[in-house]
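So this one's upload.cif, mmCIF, C-alpha atoms:
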```cif
data_upload
#
loop_
_atom_site.label_atom_id
_atom_site.label_comp_id
_atom_site.auth_asym_id
_atom_site.auth_seq_id
_atom_site.Cartn_x
_atom_site.Cartn_y
_atom_site.Cartn_z
CA MET A 1 -41.46 -10.74 -9.77
CA GLY A 2 -38.25 -10.82 -11.82
CA THR A 3 -34.93 -9.33 -10.79
CA GLU A 4 -34.22 -5.85 -12.16
CA ASP A 5 -31.59 -5.73 -14.87
CA PRO A 6 -28.88 -3.24 -13.76
CA LEU A 7 -28.20 -2.44 -17.43
CA ASP A 8 -31.81 -1.47 -18.15
CA PRO A 9 -31.69 2.16 -19.45
CA SER A 10 -35.10 2.82 -17.87
CA LEU A 11 -33.46 2.63 -14.43
CA GLY A 12 -31.88 6.09 -14.74
CA ASN A 13 -28.07 6.12 -14.60
CA TYR A 14 -27.77 2.40 -15.26
CA ARG A 15 -23.97 2.58 -15.70
CA LEU A 16 -23.38 3.67 -12.10
CA ARG A 17 -26.02 1.24 -10.89
CA ALA A 18 -24.28 -1.65 -12.66
CA ALA A 19 -20.90 -0.61 -11.23
CA ARG A 20 -22.42 -0.50 -7.74
CA ILE A 21 -23.93 -3.96 -8.03
CA ALA A 22 -20.66 -5.31 -9.43
CA ARG A 23 -18.98 -4.14 -6.22
CA GLY A 24 -21.52 -6.15 -4.22
CA TRP A 25 -23.33 -3.11 -2.80
CA HIS A 26 -26.99 -4.03 -2.91
CA SER A 27 -28.45 -0.69 -1.85
CA GLN A 28 -27.76 2.97 -2.51
CA GLU A 29 -27.39 3.51 1.23
CA GLU A 30 -24.64 0.89 1.38
CA ALA A 31 -22.89 2.49 -1.61
CA ALA A 32 -22.93 5.93 0.03
CA PHE A 33 -21.48 4.45 3.23
CA GLU A 34 -18.71 2.49 1.44
CA ILE A 35 -17.73 5.42 -0.80
CA THR A 36 -17.47 7.70 2.23
CA LYS A 37 -15.32 5.09 3.99
CA ALA A 38 -13.02 4.83 0.96
CA ALA A 39 -12.72 8.64 0.83
CA SER A 40 -11.51 8.72 4.43
CA LEU A 41 -8.47 6.68 3.35
CA MET A 42 -7.56 9.02 0.50
CA GLN A 43 -5.33 11.98 1.22
CA ALA A 44 -7.02 14.12 -1.45
CA ALA A 45 -10.53 13.51 -0.05
CA ARG A 46 -9.95 13.51 3.71
CA GLY A 47 -13.10 14.78 5.47
CA TRP A 48 -15.33 14.45 2.40
CA SER A 49 -18.52 12.36 2.56
CA VAL A 50 -21.54 11.61 0.40
CA SER A 51 -25.11 11.33 1.66
CA GLU A 52 -27.57 8.69 0.52
CA ARG A 53 -29.67 11.48 -1.02
CA THR A 54 -26.77 12.69 -3.17
CA TYR A 55 -25.88 9.15 -4.23
CA ARG A 56 -29.53 8.52 -5.16
CA ARG A 57 -29.40 11.55 -7.44
CA TRP A 58 -26.27 10.17 -9.11
CA GLU A 59 -28.26 7.05 -10.10
CA SER A 60 -31.20 9.12 -11.42
CA GLU A 61 -31.88 10.08 -15.04
CA ASN A 62 -30.14 13.44 -14.49
CA PRO A 63 -27.05 12.66 -12.40
CA GLY A 64 -25.29 15.95 -13.19
CA TRP A 65 -21.51 16.25 -13.07
CA PRO A 66 -20.06 15.64 -9.57
CA ARG A 67 -17.65 18.15 -8.19
CA TYR A 68 -14.13 17.54 -6.94
CA PRO A 69 -13.28 15.53 -4.83
CA ALA A 70 -16.35 13.38 -5.63
CA LEU A 71 -14.95 12.75 -9.13
CA THR A 72 -11.62 11.59 -7.70
CA VAL A 73 -13.24 9.28 -5.16
CA LEU A 74 -15.72 7.73 -7.61
CA SER A 75 -12.98 7.07 -10.17
CA ALA A 76 -10.80 5.42 -7.52
CA VAL A 77 -13.60 3.33 -5.98
CA PHE A 78 -15.00 1.99 -9.26
CA GLY A 79 -11.81 2.11 -11.34
CA ARG A 80 -13.58 3.91 -14.20
CA ARG A 81 -13.73 7.39 -15.68
CA PRO A 82 -16.75 9.54 -14.69
CA ARG A 83 -18.07 9.35 -18.26
CA ASP A 84 -18.04 5.54 -18.06
CA LEU A 85 -20.10 5.79 -14.86
CA GLY A 86 -22.85 7.67 -16.68
CA PHE A 87 -21.93 11.24 -15.73
CA ILE A 88 -22.20 13.72 -18.60
CA ARG A 89 -21.37 17.39 -18.67
CA ALA A 90 -24.21 19.68 -19.70
CA CYS A 91 -22.24 20.80 -22.78
CA GLU A 92 -20.94 17.37 -23.80
CA PRO A 93 -21.77 16.02 -27.30
CA GLY A 94 -25.04 14.11 -27.40
CA THR A 95 -26.80 16.27 -24.81
CA VAL A 96 -29.43 18.91 -25.48
CA PRO A 97 -28.15 22.27 -24.25
CA ARG A 98 -30.18 24.66 -22.13
CA ALA A 99 -29.57 28.39 -22.09
CA SER A 100 -27.64 28.22 -18.81
CA SER A 101 -25.53 25.27 -19.97
CA ASP A 102 -24.65 27.08 -23.22
CA ARG A 103 -23.16 29.91 -21.19
CA ARG A 104 -21.34 27.54 -18.81
CA CYS A 105 -19.88 25.66 -21.77
CA VAL A 106 -18.40 28.85 -23.21
CA LEU A 107 -17.01 29.88 -19.80
CA THR A 108 -15.42 26.53 -18.96
CA THR A 109 -14.09 25.42 -22.36
CA GLY A 110 -13.70 28.63 -24.31
CA TYR A 111 -15.79 27.12 -27.12
CA PRO A 112 -19.45 27.83 -27.94
CA PHE A 113 -21.76 24.82 -28.07
CA GLY A 114 -21.77 23.47 -31.61
CA PRO A 115 -19.68 21.40 -34.06
CA ALA A 116 -16.36 22.91 -32.96
CA ALA A 117 -17.06 22.15 -29.31
CA SER A 118 -18.21 18.62 -30.22
CA ASP A 119 -14.97 17.89 -32.05
CA PHE A 120 -12.89 19.35 -29.20
CA LEU A 121 -14.61 17.39 -26.45
CA SER A 122 -14.74 14.16 -28.44
CA GLY A 123 -10.97 14.34 -28.80
CA MET A 124 -10.61 14.73 -25.04
CA ASN A 125 -12.65 11.60 -24.36
CA ALA A 126 -11.13 9.44 -27.11
CA ARG A 127 -9.03 6.43 -26.09
CA ARG A 128 -5.35 7.11 -26.52
CA HIS A 129 -2.75 4.79 -28.02
CA VAL A 130 -0.51 3.32 -25.31
CA ASP A 131 2.85 1.94 -26.42
CA LEU A 132 4.50 -1.01 -24.67
CA GLY A 133 7.68 1.07 -24.43
CA ILE A 134 6.20 3.09 -21.56
CA VAL A 135 6.36 0.11 -19.18
CA PRO A 136 10.18 0.12 -18.64
CA TYR A 137 9.93 3.82 -17.79
CA PHE A 138 7.60 3.08 -14.89
CA TYR A 139 9.81 0.24 -13.64
CA ALA A 140 12.85 2.56 -13.70
CA GLN A 141 10.87 5.09 -11.65
CA LEU A 142 9.87 2.30 -9.25
CA ASP A 143 13.52 1.41 -8.61
CA GLY A 144 14.18 5.04 -7.76
CA HIS A 145 11.25 5.08 -5.33
CA TYR A 146 12.60 2.00 -3.54
CA VAL A 147 15.95 3.75 -3.06
CA ALA A 148 14.29 6.99 -1.93
CA ASP A 149 12.19 5.11 0.63
CA ILE A 150 15.33 3.61 2.19
CA MET A 151 17.06 7.00 2.29
CA LEU A 152 14.15 9.29 3.19
CA GLY A 153 11.33 7.21 4.65
CA SER A 154 7.71 7.11 3.53
CA ARG A 155 6.40 10.56 4.41
CA ASP A 156 7.71 12.42 1.35
CA LEU A 157 6.92 9.71 -1.20
CA ILE A 158 3.25 8.90 -0.68
CA SER A 159 1.76 11.65 -2.87
CA THR A 160 4.29 11.09 -5.69
CA VAL A 161 3.80 7.32 -5.89
CA THR A 162 0.01 7.67 -5.60
CA GLU A 163 -0.14 10.05 -8.56
CA GLN A 164 2.04 7.76 -10.67
CA TYR A 165 -0.22 4.82 -9.83
CA LYS A 166 -3.23 6.85 -11.01
CA LEU A 167 -1.50 7.53 -14.33
CA ILE A 168 -0.64 3.84 -14.79
CA ALA A 169 -4.25 2.84 -14.00
CA ALA A 170 -5.58 5.38 -16.53
CA LEU A 171 -3.21 4.08 -19.22
CA ALA A 172 -4.20 0.47 -18.47
CA ARG A 173 -7.85 1.34 -19.10
CA ASP A 174 -6.98 2.60 -22.59
CA ALA A 175 -4.34 0.01 -23.54
CA GLU A 176 -4.77 -3.02 -25.78
CA ARG A 177 -4.53 -6.50 -24.26
CA GLN A 178 -0.74 -7.16 -24.15
CA VAL A 179 0.15 -3.64 -23.05
CA ARG A 180 -2.70 -3.64 -20.53
CA SER A 181 -1.38 -6.85 -18.96
CA GLU A 182 2.07 -5.33 -18.48
CA LEU A 183 0.61 -2.11 -17.11
CA LEU A 184 -1.48 -4.12 -14.63
CA LYS A 185 1.72 -5.76 -13.39
CA VAL A 186 3.62 -2.52 -12.89
CA GLY A 187 0.46 -0.95 -11.45
CA ALA A 188 0.23 -3.74 -8.88
CA ALA A 189 3.87 -3.11 -7.91
CA TYR A 190 3.12 0.60 -7.44
CA ALA A 191 0.00 -0.20 -5.40
CA GLU A 192 2.09 -2.48 -3.19
CA LEU A 193 4.59 0.32 -2.68
CA CYS A 194 1.71 2.64 -1.72
CA GLY A 195 0.57 -0.02 0.75
CA TRP A 196 4.04 -0.19 2.28
CA LEU A 197 4.42 3.61 2.48
CA HIS A 198 1.08 3.94 4.30
CA GLN A 199 2.05 1.01 6.53
CA ASP A 200 5.31 2.72 7.47
CA SER A 201 3.46 5.96 8.20
CA GLY A 202 1.01 4.15 10.51
CA ALA A 203 -2.05 4.51 8.24
CA TRP A 204 -3.16 0.91 8.71
CA HIS A 205 -6.57 1.05 7.01
CA ALA A 206 -5.15 2.89 4.00
CA SER A 207 -2.37 0.32 3.79
CA ALA A 208 -4.89 -2.54 3.74
CA TYR A 209 -6.83 -0.74 0.97
CA TRP A 210 -3.73 -0.46 -1.23
CA HIS A 211 -2.66 -4.07 -0.62
CA GLY A 212 -6.15 -5.20 -1.64
CA LEU A 213 -5.99 -3.07 -4.78
CA ALA A 214 -2.62 -4.61 -5.66
CA GLN A 215 -4.01 -8.13 -5.26
CA ASN A 216 -6.89 -7.36 -7.61
CA GLU A 217 -4.55 -6.06 -10.31
CA ALA A 218 -2.15 -8.96 -9.85
CA ARG A 219 -4.99 -11.45 -10.34
CA MET A 220 -6.19 -9.62 -13.46
CA SER A 221 -2.65 -9.79 -14.88
CA GLY A 222 -2.60 -13.59 -14.43
CA ASP A 223 0.98 -13.53 -13.06
CA ALA A 224 1.33 -16.21 -10.34
CA ASP A 225 4.51 -14.62 -8.93
CA LEU A 226 2.84 -11.24 -8.61
CA VAL A 227 -0.24 -12.68 -6.88
CA ALA A 228 2.03 -14.49 -4.39
CA TYR A 229 4.05 -11.30 -3.87
CA THR A 230 0.92 -9.33 -2.99
CA LEU A 231 -0.07 -12.04 -0.49
CA SER A 232 3.36 -11.85 1.16
CA ASN A 233 3.02 -8.07 1.53
CA THR A 234 -0.44 -8.44 3.05
CA ALA A 235 1.13 -10.95 5.44
CA HIS A 236 3.78 -8.34 6.29
CA LEU A 237 1.01 -5.92 7.27
CA ARG A 238 -0.66 -8.58 9.42
CA ALA A 239 2.69 -9.26 11.10
CA ASP A 240 2.95 -5.58 12.00
CA LEU A 241 -0.51 -5.91 13.55
CA GLY A 242 0.57 -8.95 15.59
CA ASP A 243 -1.63 -11.51 13.80
CA GLY A 244 0.76 -14.47 13.51
CA ARG A 245 -1.89 -16.97 12.45
CA ALA A 246 -2.95 -14.80 9.50
CA VAL A 247 0.69 -14.43 8.42
CA VAL A 248 1.23 -18.20 8.41
CA ASP A 249 -2.03 -18.86 6.53
CA LEU A 250 -1.52 -16.17 3.87
CA CYS A 251 2.01 -17.34 3.10
CA GLY A 252 0.85 -20.96 3.11
CA ILE A 253 -1.80 -20.18 0.48
CA ALA A 254 0.81 -18.62 -1.77
CA LEU A 255 3.46 -21.32 -1.20
CA ALA A 256 0.92 -23.97 -2.21
CA GLU A 257 1.56 -22.82 -5.81
CA GLY A 258 4.96 -24.51 -5.47
CA TYR A 259 6.76 -24.99 -8.79
CA ARG A 260 4.80 -22.14 -10.43
CA LEU A 261 6.64 -19.59 -8.27
CA SER A 262 10.07 -18.11 -8.94
CA SER A 263 12.80 -18.71 -6.37
CA HIS A 264 12.86 -15.07 -5.21
CA ILE A 265 9.12 -15.16 -4.46
CA GLN A 266 9.49 -18.41 -2.51
CA VAL A 267 12.32 -16.81 -0.50
CA ASN A 268 10.09 -13.83 0.20
CA LEU A 269 7.21 -16.00 1.37
CA MET A 270 9.27 -18.32 3.58
CA ALA A 271 10.97 -15.38 5.29
CA GLN A 272 7.60 -13.73 5.87
CA GLN A 273 6.06 -16.93 7.21
CA ALA A 274 8.91 -17.17 9.70
CA HIS A 275 7.65 -13.94 11.29
CA GLY A 276 4.23 -15.49 11.70
CA HIS A 277 5.71 -18.46 13.55
CA ALA A 278 7.80 -16.07 15.69
CA LEU A 279 4.60 -14.34 16.75
CA LEU A 280 3.19 -17.77 17.61
CA GLY A 281 6.30 -18.64 19.69
CA ASP A 282 7.66 -21.43 17.47
CA ARG A 283 11.45 -21.02 17.21
CA GLU A 284 11.99 -24.36 15.49
CA ARG A 285 9.76 -23.34 12.55
CA VAL A 286 11.40 -19.90 12.43
CA ASP A 287 14.90 -21.34 12.03
CA SER A 288 13.75 -24.02 9.59
CA LEU A 289 12.01 -21.53 7.28
CA LEU A 290 14.86 -19.01 7.30
CA ASP A 291 17.42 -21.76 6.62
CA ARG A 292 15.36 -23.02 3.69
CA ALA A 293 14.90 -19.50 2.33
CA ALA A 294 18.64 -18.84 2.53
CA GLY A 295 19.22 -22.02 0.54
CA HIS A 296 17.01 -20.74 -2.27
CA VAL A 297 18.53 -17.28 -2.56
CA GLU A 298 21.41 -18.17 -4.89
CA ARG A 299 18.90 -19.42 -7.45
CA THR A 300 17.04 -16.11 -7.56
CA ASP A 301 17.23 -13.62 -10.41
CA PRO A 302 18.49 -10.27 -9.03
CA SER A 303 17.16 -8.46 -12.11
CA ALA A 304 13.52 -9.24 -11.22
CA GLN A 305 11.46 -6.08 -10.77
CA TRP A 306 10.14 -6.77 -7.26
CA GLY A 307 10.47 -9.18 -4.34
CA THR A 308 14.26 -9.53 -4.54
CA ALA A 309 15.29 -8.04 -1.18
CA GLY A 310 16.76 -11.40 -0.16
CA ARG A 311 19.23 -11.19 -3.05
CA ARG A 312 19.91 -7.43 -3.02
CA ASN A 313 20.55 -7.05 0.73
CA GLU A 314 23.44 -9.19 1.95
CA ARG A 315 22.22 -8.80 5.55
CA TYR A 316 18.61 -9.67 4.73
CA PHE A 317 18.49 -13.02 6.57
CA GLU A 318 20.31 -11.70 9.63
CA VAL A 319 17.72 -8.91 9.86
CA GLN A 320 14.83 -11.36 9.54
CA ARG A 321 16.33 -13.74 12.13
CA ALA A 322 17.17 -10.96 14.59
CA THR A 323 13.65 -9.54 14.30
CA CYS A 324 12.09 -12.98 14.80
CA TYR A 325 14.32 -13.65 17.83
CA GLY A 326 13.23 -10.32 19.29
CA ARG A 327 9.61 -11.38 18.88
CA LEU A 328 10.44 -14.69 20.58
CA GLY A 329 12.09 -12.92 23.53
CA LEU A 330 15.52 -14.41 22.67
CA HIS A 331 17.31 -11.19 23.58
CA ARG A 332 20.90 -12.50 23.72
CA GLU A 333 20.70 -14.08 20.26
CA ALA A 334 18.94 -11.02 18.87
CA HIS A 335 21.47 -8.59 20.38
CA ARG A 336 24.42 -10.52 18.94
CA LEU A 337 22.89 -10.27 15.46
CA TRP A 338 21.88 -6.59 15.79
CA GLU A 339 25.46 -5.65 16.72
CA GLN A 340 26.69 -7.16 13.45
CA ILE A 341 23.86 -5.68 11.39
CA THR A 342 24.04 -2.08 12.65
CA ALA A 343 27.83 -2.05 12.21
CA ALA A 344 27.46 -3.03 8.54
CA THR A 345 24.33 -1.06 7.50
CA PRO A 346 25.25 1.73 5.02
CA VAL A 347 24.82 5.34 6.09
CA SER A 348 22.34 5.92 3.26
CA ALA A 349 19.87 3.40 4.75
CA ARG A 350 18.98 5.86 7.49
CA ARG A 351 15.42 4.79 8.29
CA ASP A 352 16.41 1.12 8.47
CA THR A 353 19.38 1.94 10.71
CA GLY A 354 17.11 3.78 13.13
CA VAL A 355 14.71 0.84 13.36
CA TYR A 356 17.56 -1.62 13.89
CA LEU A 357 19.01 0.53 16.69
CA ALA A 358 15.62 0.59 18.42
CA ARG A 359 15.38 -3.20 18.25
CA GLN A 360 18.93 -3.57 19.51
CA ALA A 361 18.02 -1.29 22.43
CA ILE A 362 15.04 -3.52 23.26
CA ALA A 363 17.38 -6.51 23.34
CA CYS A 364 19.71 -4.60 25.69
CA ALA A 365 16.80 -3.84 28.01
CA GLY A 366 15.86 -7.53 27.98
CA LEU A 367 19.43 -8.42 28.95
CA GLY A 368 19.41 -5.97 31.89
CA GLU A 369 21.68 -3.38 30.19
CA PRO A 370 19.57 -0.21 30.44
CA GLU A 371 22.45 2.27 30.06
CA GLN A 372 23.37 0.86 26.65
CA ALA A 373 19.69 0.81 25.71
CA VAL A 374 19.45 4.56 26.44
CA VAL A 375 22.47 5.34 24.25
CA LEU A 376 20.98 3.40 21.33
CA ALA A 377 17.56 4.98 21.91
CA GLY A 378 19.05 8.46 21.57
CA GLU A 379 20.59 7.65 18.17
CA SER A 380 17.39 5.98 17.00
CA ALA A 381 15.06 8.78 18.14
CA VAL A 382 16.90 11.43 16.12
CA ILE A 383 16.41 9.36 12.96
CA ALA A 384 12.75 8.62 13.78
CA ALA A 385 12.01 12.33 14.18
CA ASP A 386 13.68 12.99 10.83
CA THR A 387 11.99 10.30 8.73
CA GLY A 388 8.52 10.51 10.30
CA SER A 389 8.13 6.72 10.31
CA ALA A 390 5.25 5.78 12.61
CA ARG A 391 6.43 2.17 12.67
CA HIS A 392 9.85 3.35 13.87
CA ARG A 393 8.16 5.35 16.62
CA GLY A 394 6.26 2.21 17.53
CA GLU A 395 9.56 0.38 18.08
CA LEU A 396 10.65 3.13 20.48
CA GLU A 397 7.35 2.86 22.31
CA ARG A 398 8.08 -0.84 22.75
CA LEU A 399 11.47 0.13 24.14
CA ARG A 400 9.80 2.49 26.63
CA ALA A 401 7.61 -0.44 27.78
CA ALA A 402 10.65 -2.73 28.04
CA MET A 403 12.39 -0.10 30.23
CA ASP A 404 9.41 0.32 32.55
CA ARG A 405 11.16 -1.10 35.62
CA TRP A 406 13.77 1.71 35.46
CA GLN A 407 11.28 4.46 34.69
CA ASP A 408 11.19 6.04 38.17
CA GLY A 409 14.95 6.46 38.57
CA PRO A 410 17.80 8.31 36.86
CA ILE A 411 17.78 5.87 33.93
CA GLY A 412 14.13 6.66 33.29
CA GLU A 413 15.00 10.36 33.16
CA ASP A 414 17.84 9.64 30.74
CA LEU A 415 15.49 7.63 28.54
CA ASN A 416 12.96 10.47 28.46
CA ALA A 417 15.75 12.85 27.43
CA ALA A 418 16.93 10.42 24.74
CA LEU A 419 13.42 10.21 23.28
CA ALA A 420 12.84 13.98 23.48
CA PRO A 421 13.37 14.50 19.69
CA LEU A 422 10.09 12.64 19.14
CA GLY A 423 8.06 15.15 21.14
CA VAL A 424 5.06 13.56 22.84
CA CYS A 425 5.27 9.87 21.98
CA SER A 426 2.16 7.91 21.27
CA PRO A 427 1.72 4.25 20.29
CA ALA A 428 1.60 5.11 16.60
CA ALA A 429 2.57 1.63 15.46
CA GLY A 430 -1.00 0.43 15.69
CA PRO A 431 -2.60 -2.52 17.47
CA GLY A 432 -0.09 -4.48 19.45
CA SER A 433 2.79 -2.12 18.62
CA VAL A 434 4.82 -5.13 17.56
CA ALA A 435 8.17 -5.14 15.81
CA SER A 436 8.10 -5.10 12.06
CA ASN A 437 10.28 -7.04 9.63
CA LEU A 438 11.84 -4.28 7.57
#
```
Any chance you could put this one into structure tokens?
Amino acid sequence: MGTEDPLDPSLGNYRLRAARIARGWHSQEEAAFEITKAASLMQAARGWSVSERTYRRWESENPGWPRYPALTVLSAVFGRRPRDLGFIRACEPGTVPRASSDRRCVLTTGYPFGPAASDFLSGMNARRHVDLGIVPYFYAQLDGHYVADIMLGSRDLISTVTEQYKLIAALARDAERQVRSELLKVGAAYAELCGWLHQDSGAWHASAYWHGLAQNEARMSGDADLVAYTLSNTAHLRADLGDGRAVVDLCGIALAEGYRLSSHIQVNLMAQQAHGHALLGDRERVDSLLDRAAGHVERTDPSAQWGTAGRRNERYFEVQRATCYGRLGLHREAHRLWEQITAATPVSARRDTGVYLARQAIACAGLGEPEQAVVLAGESAVIAADTGSARHRGELERLRAAMDRWQDGPIGEDLNAALAPLGVCSPAAGPGSVASNL
């Protein structure tokens, strides 16, 4: 018996069926499960689910028109418009109207079914012209989002950046080849920012989803730098989750491209790989990688659209080294660096300052200076409560663990008072609650 052709019109809604098979979902039950799982990671569809029975109807000859948020989820999961997935409104051109659908068409569009309605709806579904000039606009917005993240934290940016990504993705679907390629690049950068914002807010599964989406778009764009950049950001997530081996391997895969990569991407990857070796306890590799990365930084182009933190932040390498030393348990070396960093961090970088203070406090605890750790914790906790950064809260939870031996005395009471702005603390930083490399 031959294999069924997913594009065979006799199979009902063959467009959705083909899209499902292209995703590697071999059964309708699997598709319903995976779509529900994807919906749980989307703010606009939280709590929504689809049953196998409903999904089966969507692949039938009469799939109907899904309601919100099903439309939003399906478009996000398959990367296509509902019409391209085989869903057709009852009053859309090319369908035979029934009495009830005639009335619904008038109520929802204001037009009776007929030539006028056909022209109106055809215009809505027509592909639009997308000019290359729109791309710099999105990059300019992206720069603003980077600044806002440093000043405000992730909580207030997630919905804005997500909506802009959706617009970019919709434009890329309509654009001609050259414009589409550029939109894929800027779309990947926005997806990476979404991944980071969810990572900072402690939404680990959602962060992984966005990093994966960014990698797909980077590969479609054919830009080697962008693909490597997405791998480095995925490595950053794995570092937050304490998986040093994965960090080293992901960065190694990207660095194997060698001469094809720009200097700023190589700097990014080497610095990230250093965190992997710190998690594995290898100080020699940490220092070697950070020294090499610092040697590359002068050759980087500061005007590049992404991945240039090493050039834009004059304290970048001190921050990376101090964080790695903290992971290695080298508290004296880490504390010396954090003192210099926190003294020089601008007031506007509030979220970063709070994280650095928490790490400095951990170093103080490791050096047997609990009173100083409490003072730093108080400053850090106020900022953490303000920005809503779950990763920042995770750093303060690590501090609480580092201060455990003083918990039953007056210092423990002072620490609890210092952390009071956070309310009831919980290990929001995810598995391992390890320090991150901001």
Take the PyMOL selection byres ((chain A and resi 339-355) around 8), run it mentally on this structure, and tell me the resulting residues as a compact mmCIF listing (two decimals) with C-alpha atoms, keeping the file's coordinate frame.
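Resulting contents of selection_24.txt:
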```txt
# COMPACT_ATOMS: atom_id res chain seq x y z
CA ILE A 150 15.33 3.61 2.19
CA MET A 151 17.06 7.00 2.29
CA LEU A 152 14.15 9.29 3.19
CA GLY A 153 11.33 7.21 4.65
CA ARG A 315 22.22 -8.80 5.55
CA GLU A 318 20.31 -11.70 9.63
CA VAL A 319 17.72 -8.91 9.86
CA HIS A 335 21.47 -8.59 20.38
CA ARG A 336 24.42 -10.52 18.94
CA LEU A 337 22.89 -10.27 15.46
CA TRP A 338 21.88 -6.59 15.79
CA TYR A 356 17.56 -1.62 13.89
CA LEU A 357 19.01 0.53 16.69
CA ALA A 358 15.62 0.59 18.42
CA ARG A 359 15.38 -3.20 18.25
CA GLN A 360 18.93 -3.57 19.51
CA GLU A 379 20.59 7.65 18.17
CA SER A 380 17.39 5.98 17.00
CA ALA A 381 15.06 8.78 18.14
CA ILE A 383 16.41 9.36 12.96
CA ALA A 384 12.75 8.62 13.78
CA THR A 387 11.99 10.30 8.73
CA SER A 389 8.13 6.72 10.31
CA HIS A 392 9.85 3.35 13.87
CA GLU A 395 9.56 0.38 18.08
CA LEU A 438 11.84 -4.28 7.57
```
Find the residue from A:Leu280, A:Cys194, A:Ala377, A:Ala218 that sits nearest to A:Gly242; use only C-alpha atoms when measuring. A:Leu280
On this file, the PyMOL selection byres ((chain A and resi 375) around 12) gives some set of residues; write that set as a list in words. Leu357, Ala358, Gln360, Ala361, Ile362, Cys364, Ala365, Glu369, Pro370, Glu371, Gln372, Ala373, Val374, Leu376, Ala377, Gly378, Glu379, Ser380, Ala381, Val382, Ile411, Asp414, Leu415, Asn416, Ala417, Ala418 and Leu419 of chain A
Which distance in Å separates atom CA of A:Ser49 and atom CA of A:Trp196, to one decimal? 25.8 Å
Residues picked by the PyMOL selection byres ((chain A and resi 155-164) around 12) here, as a PyMOL selection string? chain A and resi 42-44+72+76+137-139+141-154+165-171+183+186-203+206-207+210+351+384-391
Computed interatomic separation between atom CA of A:Ala334 and atom CA of A:Ala322 (Å):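 Spanning atom CA of A:Ala334 to atom CA of A:Ala322 is a straight-line distance of 4.6 Å.
Shortest atom-to-atom contact with A:His275 among A:Asn233, A:Ser263, A:Gln320, A:Thr36: A:Gln320, counting all atoms listed in the file.
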Considering only C-alpha atoms, return as an NGL selection string whatever protein or nucleic-acid residues lie within 8 Å of A:Glu217, sequence-local ones (same chain, fewer than 2 positions apart) excluded. :A and (184-185 or 187-188 or 213-215 or 219-221)
Dump of C-alpha atoms for the selected residues, as a compact mmCIF listing (two decimals), in the coordinates of the input:
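Heads up, here's the output in selection17.txt:
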```txt
# COMPACT_ATOMS: atom_id res chain seq x y z
CA LEU A 184 -1.48 -4.12 -14.63
CA LYS A 185 1.72 -5.76 -13.39
CA GLY A 187 0.46 -0.95 -11.45
CA ALA A 188 0.23 -3.74 -8.88
CA LEU A 213 -5.99 -3.07 -4.78
CA ALA A 214 -2.62 -4.61 -5.66
CA GLN A 215 -4.01 -8.13 -5.26
CA ARG A 219 -4.99 -11.45 -10.34
CA MET A 220 -6.19 -9.62 -13.46
CA SER A 221 -2.65 -9.79 -14.88
```
Between atom CA of A:Tyr229 and atom CA of A:Asp287 - distance in Å to one decimal: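 Calculated distance between atom CA of A:Asp287 and atom CA of A:Tyr229 is 21.7 Å.
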Which of these residues is nearest to A:Phe33, using all atoms listed in the file: A:Arg67, A:Arg128, A:Arg53, A:Arg81?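 Smallest separation from A:Phe33 among the options: A:Arg53.
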Compare A:Arg173, A:Arg17, A:Arg57, A:His205 by their minimum atom-to-atom distance to A:Lys37, counting all atoms listed in the file, and give me the closest one.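 Closest to A:Lys37 of all the choices is A:His205.
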Nearest to A:Leu399: which of A:Gly326, A:Pro421, A:Asp240, A:Ser51 is it, counting only C-alpha atoms?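 Among A:Gly326, A:Pro421, A:Asp240, A:Ser51, it is A:Gly326 that comes nearest to A:Leu399.
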Can you sort out the box for stretch 316-333 of chain A, edges along x, y and z, all listed atoms in, 6 Å on every side, with centre and edge lengths in Å to one decimal, as lines of an AutoDock Vina configuration file?
```
center_x = 15.3
center_y = -11.8
center_z = 14.2
size_x = 23.3
size_y = 17.8
size_z = 31.0
```
Considering all atoms listed in the file, can you say which of A:Ser232, A:Ala271, A:Pro69, A:Trp204 comes closest to A:Arg321?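 Under the stated criterion, the closest residue is A:Ala271.
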Output stretch 15-19 of chain A as an mmCIF file, keeping the file's coordinate frame, making sure N, CA, C and O atoms are there.
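File rebuild.cif, as written:
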```cif
data_model
loop_
_atom_site.group_PDB
_atom_site.id
_atom_site.type_symbol
_atom_site.label_atom_id
_atom_site.label_comp_id
_atom_site.auth_asym_id
_atom_site.auth_seq_id
_atom_site.Cartn_x
_atom_site.Cartn_y
_atom_site.Cartn_z
ATOM 1 N N ARG A 15 -25.406 2.900 -15.730
ATOM 2 C CA ARG A 15 -23.970 2.580 -15.700
ATOM 3 C C ARG A 15 -23.443 2.577 -14.257
ATOM 4 O O ARG A 15 -22.731 1.668 -13.842
ATOM 5 N N LEU A 16 -23.815 3.613 -13.496
ATOM 6 C CA LEU A 16 -23.380 3.670 -12.100
ATOM 7 C C LEU A 16 -24.049 2.561 -11.297
ATOM 8 O O LEU A 16 -23.422 1.935 -10.428
ATOM 9 N N ARG A 17 -25.309 2.303 -11.593
ATOM 10 C CA ARG A 17 -26.020 1.240 -10.890
ATOM 11 C C ARG A 17 -25.332 -0.110 -11.104
ATOM 12 O O ARG A 17 -25.125 -0.887 -10.162
ATOM 13 N N ALA A 18 -24.947 -0.388 -12.355
ATOM 14 C CA ALA A 18 -24.280 -1.650 -12.660
ATOM 15 C C ALA A 18 -22.931 -1.751 -11.953
ATOM 16 O O ALA A 18 -22.548 -2.808 -11.434
ATOM 17 N N ALA A 19 -22.203 -0.615 -11.913
ATOM 18 C CA ALA A 19 -20.900 -0.610 -11.230
ATOM 19 C C ALA A 19 -21.078 -0.861 -9.737
ATOM 20 O O ALA A 19 -20.280 -1.568 -9.110
#
```
